[in-house]
file structure_14.tsv (TSV, C-alpha atoms)
chain	number	residue	atom	x	y	z
A	100	MET	CA	-12.21	-12.59	-22.45
A	101	SER	CA	-10.07	-14.55	-20.02
A	102	LYS	CA	-6.75	-15.96	-21.12
A	103	PRO	CA	-5.95	-19.59	-20.32
A	104	ASN	CA	-3.07	-20.17	-17.91
A	105	LYS	CA	-2.78	-16.48	-17.02
A	106	LYS	CA	-2.74	-15.48	-13.39
A	107	ARG	CA	-4.47	-12.44	-12.03
A	108	TYR	CA	-2.56	-10.80	-9.23
A	109	VAL	CA	-4.41	-9.34	-6.28
A	110	LEU	CA	-2.48	-6.27	-5.22
A	111	ALA	CA	-3.25	-6.57	-1.51
A	112	GLN	CA	-2.06	-10.20	-1.48
A	113	VAL	CA	1.13	-9.45	-3.42
A	114	ARG	CA	1.95	-6.54	-1.12
A	115	GLU	CA	1.34	-8.75	1.91
A	116	GLN	CA	3.64	-11.46	0.51
A	117	TYR	CA	6.43	-8.95	-0.08
A	118	ALA	CA	5.98	-7.44	3.38
A	119	GLU	CA	6.17	-10.91	4.90
A	120	ALA	CA	9.28	-11.77	2.86
A	121	VAL	CA	11.18	-8.66	3.97
A	122	GLY	CA	9.96	-8.64	7.57
A	123	GLY	CA	7.21	-6.03	7.36
A	124	ASP	CA	6.64	-2.60	5.94
A	125	GLU	CA	8.69	-0.94	8.68
A	126	VAL	CA	12.28	-1.38	9.76
A	127	GLU	CA	12.81	-1.52	13.49
A	128	PHE	CA	16.23	-1.16	15.08
A	129	GLU	CA	17.76	-0.88	18.49
A	130	GLY	CA	19.80	2.25	19.00
A	131	PRO	CA	22.01	3.50	21.81
A	132	GLY	CA	20.87	2.50	25.28
A	133	GLY	CA	18.56	-0.16	23.85
A	134	GLU	CA	15.96	2.36	22.65
A	135	VAL	CA	13.92	1.14	19.67
A	136	PHE	CA	13.44	3.26	16.54
A	137	THR	CA	11.47	2.67	13.35
A	138	MET	CA	11.42	3.90	9.78
A	139	PRO	CA	9.55	2.80	6.66
A	140	HIS	CA	11.04	-0.17	4.87
A	141	PRO	CA	12.63	1.21	1.66
A	142	LEU	CA	10.43	-1.11	-0.42
A	143	PHE	CA	7.26	0.34	1.12
A	144	ALA	CA	8.35	3.89	1.90
A	145	PRO	CA	6.12	6.71	0.71
A	146	SER	CA	7.57	8.72	-2.17
A	147	GLU	CA	7.96	11.79	0.07
A	148	TRP	CA	10.19	9.81	2.44
A	149	SER	CA	12.29	8.41	-0.40
A	150	GLN	CA	12.67	11.84	-1.98
A	151	ALA	CA	13.66	13.47	1.32
A	152	VAL	CA	16.29	10.77	1.90
A	153	GLU	CA	17.60	11.16	-1.65
A	154	ASP	CA	17.69	14.97	-1.38
A	155	ALA	CA	19.56	14.97	1.95
A	156	GLU	CA	22.87	16.78	1.70
A	157	ASP	CA	24.53	15.39	4.81
A	158	ASP	CA	24.21	12.63	7.41
A	159	GLU	CA	22.03	14.72	9.73
A	160	GLU	CA	19.51	15.57	6.99
A	161	MET	CA	19.42	11.95	5.87
A	162	ALA	CA	18.88	10.62	9.40
A	163	ARG	CA	16.15	13.22	10.03
A	164	ALA	CA	14.46	12.25	6.77
A	165	MET	CA	14.57	8.55	7.71
A	166	LEU	CA	13.51	8.89	11.34
A	167	GLY	CA	11.46	12.08	11.44
A	168	ASP	CA	12.27	14.96	13.76
A	169	GLU	CA	10.96	13.46	17.01
A	170	GLN	CA	12.77	10.12	16.66
A	171	TYR	CA	15.89	11.83	15.33
A	172	ASP	CA	16.07	14.06	18.41
A	173	ARG	CA	15.64	11.03	20.72
A	174	TYR	CA	18.23	9.05	18.75
A	175	VAL	CA	20.87	11.80	18.94
A	176	GLY	CA	19.93	12.52	22.56
A	177	ALA	CA	20.65	8.88	23.39
A	178	GLY	CA	24.11	9.20	21.83
A	179	GLY	CA	23.38	7.99	18.30
A	180	GLN	CA	25.47	9.14	15.35
A	181	PRO	CA	23.45	10.48	12.38
A	182	GLY	CA	25.56	8.64	9.79
A	183	ASP	CA	24.90	5.28	11.44
A	184	VAL	CA	21.17	5.42	10.61
A	185	ASN	CA	22.01	4.89	6.95
A	186	PHE	CA	23.62	1.56	7.87
A	187	ILE	CA	20.17	0.36	8.94
A	188	ARG	CA	18.63	1.39	5.61
A	189	MET	CA	21.45	-0.31	3.69
A	190	ALA	CA	21.09	-3.48	5.79
A	191	ALA	CA	17.33	-3.56	5.12
A	192	MET	CA	17.95	-3.17	1.39
A	193	GLU	CA	20.56	-5.96	1.39
A	194	ASP	CA	18.20	-8.25	3.32
A	195	MET	CA	15.47	-7.38	0.82
A	196	LYS	CA	17.69	-8.36	-2.11
A	197	GLY	CA	18.33	-11.74	-0.52
A	198	ALA	CA	14.66	-12.30	0.29
A	199	LEU	CA	13.54	-11.39	-3.23
A	200	LYS	CA	16.40	-13.03	-5.13
A	201	SER	CA	14.20	-15.93	-6.21
A	202	GLY	CA	11.91	-13.50	-8.00
A	203	ARG	CA	8.94	-14.24	-5.79
A	204	PRO	CA	8.85	-13.66	-2.04
A	205	THR	CA	6.68	-16.58	-0.99
A	206	ARG	CA	4.57	-19.27	-2.52
A	207	SER	CA	0.89	-18.97	-1.79
A	208	SER	CA	-0.28	-21.63	0.62
A	209	THR	CA	-3.79	-21.24	-0.77
A	210	SER	CA	-2.85	-21.96	-4.37
A	211	SER	CA	-5.35	-23.97	-6.33
A	212	GLY	CA	-2.74	-26.47	-7.40
A	213	GLY	CA	-0.64	-26.87	-10.49
A	214	SER	CA	2.92	-25.82	-10.88
A	215	ARG	CA	4.00	-22.25	-11.04
A	216	LYS	CA	6.83	-20.95	-13.22
A	217	GLN	CA	9.51	-19.09	-11.33
call {"tool": "encode", "arguments": {"input": "structure_14.tsv", "output": "structure tokens"}}
result
Amino acid sequence: MSKPNKKRYVLAQVREQYAEAVGGDEVEFEGPGGEVFTMPHPLFAPSEWSQAVEDAEDDEEMARAMLGDEQYDRYVGAGGQPGDVNFIRMAAMEDMKGALKSGRPTRSSTSSGGSRKQ
């Protein structure tokens, strides 16, 4: 039985809205020498990534967990400091808080009309 005035969320659409609001499901940053590195956005990171970051005991382990071995080696080889990678994660999380502060990332442009409670 359907309930009047209840909305059904479509997971793929909600995920897409959140990804759009925070700039995508990956975080991209420019490191030393202009080289570009990526990591999962904390909102979309797989649980293994999040657990590895949480379990890290020092800056090197944390940076390796965030970047993966290959990118970490390139990052350090280019002169990057392991502890600085965490600044990128913190910046992404702060940006996310601002983007999601309203409680909903974006309004659907394909809504069927009517007002929506925030």
call {"tool": "atom_distance", "arguments": {"input": "structure_14.tsv", "atom1": "CA of Met195 (chain A)", "atom2": "CA of Ala120 (chain A)"}}
result
7.9 Å
call {"tool": "closest_residue", "arguments": {"input": "structure_14.tsv", "among": "A:Asp157, A:Glu119, A:Asp194, A:Asp183", "to": "Pro131 (chain A)", "atoms": "all atoms listed in the file"}}
result
A:Asp183
call {"tool": "closest_residue", "arguments": {"input": "structure_14.tsv", "among": "A:Gly182, A:Gly167, A:Gly176, A:Gly197", "to": "Val121 (chain A)", "atoms": "all atoms listed in the file"}}
result
A:Gly197
call {"tool": "closest_residue", "arguments": {"input": "structure_14.tsv", "among": "A:Gly130, A:Pro145, A:Pro139, A:Gly122", "to": "Val184 (chain A)", "atoms": "all atoms listed in the file"}}
result
A:Gly130
call {"tool": "axis_aligned_box", "arguments": {"input": "structure_14.tsv", "around": "region 172-177 of chain A", "padding_each_side": "3 Å", "output": "JSON"}}
result
{"center_x": 18.3, "center_y": 11.5, "center_z": 20.9, "size_x": 11.2, "size_y": 11.2, "size_z": 11.0}
call {"tool": "closest_residue", "arguments": {"input": "structure_14.tsv", "among": "A:Glu193, A:Glu115, A:Asp124, A:Asp172", "to": "Ala144 (chain A)", "atoms": "all atoms listed in the file"}}
result
A:Asp124
call {"tool": "atom_distance", "arguments": {"input": "structure_14.tsv", "atom1": "CA of Arg188 (chain A)", "atom2": "CA of Gln170 (chain A)"}}
result
15.3 Å
call {"tool": "atom_distance", "arguments": {"input": "structure_14.tsv", "atom1": "CA of Leu166 (chain A)", "atom2": "CA of Ala191 (chain A)"}}
result
14.4 Å
call {"tool": "closest_residue", "arguments": {"input": "structure_14.tsv", "among": "A:Ala118, A:Glu134, A:Asn185, A:Ala198", "to": "Ala164 (chain A)", "atoms": "all atoms listed in the file"}}
result
A:Asn185
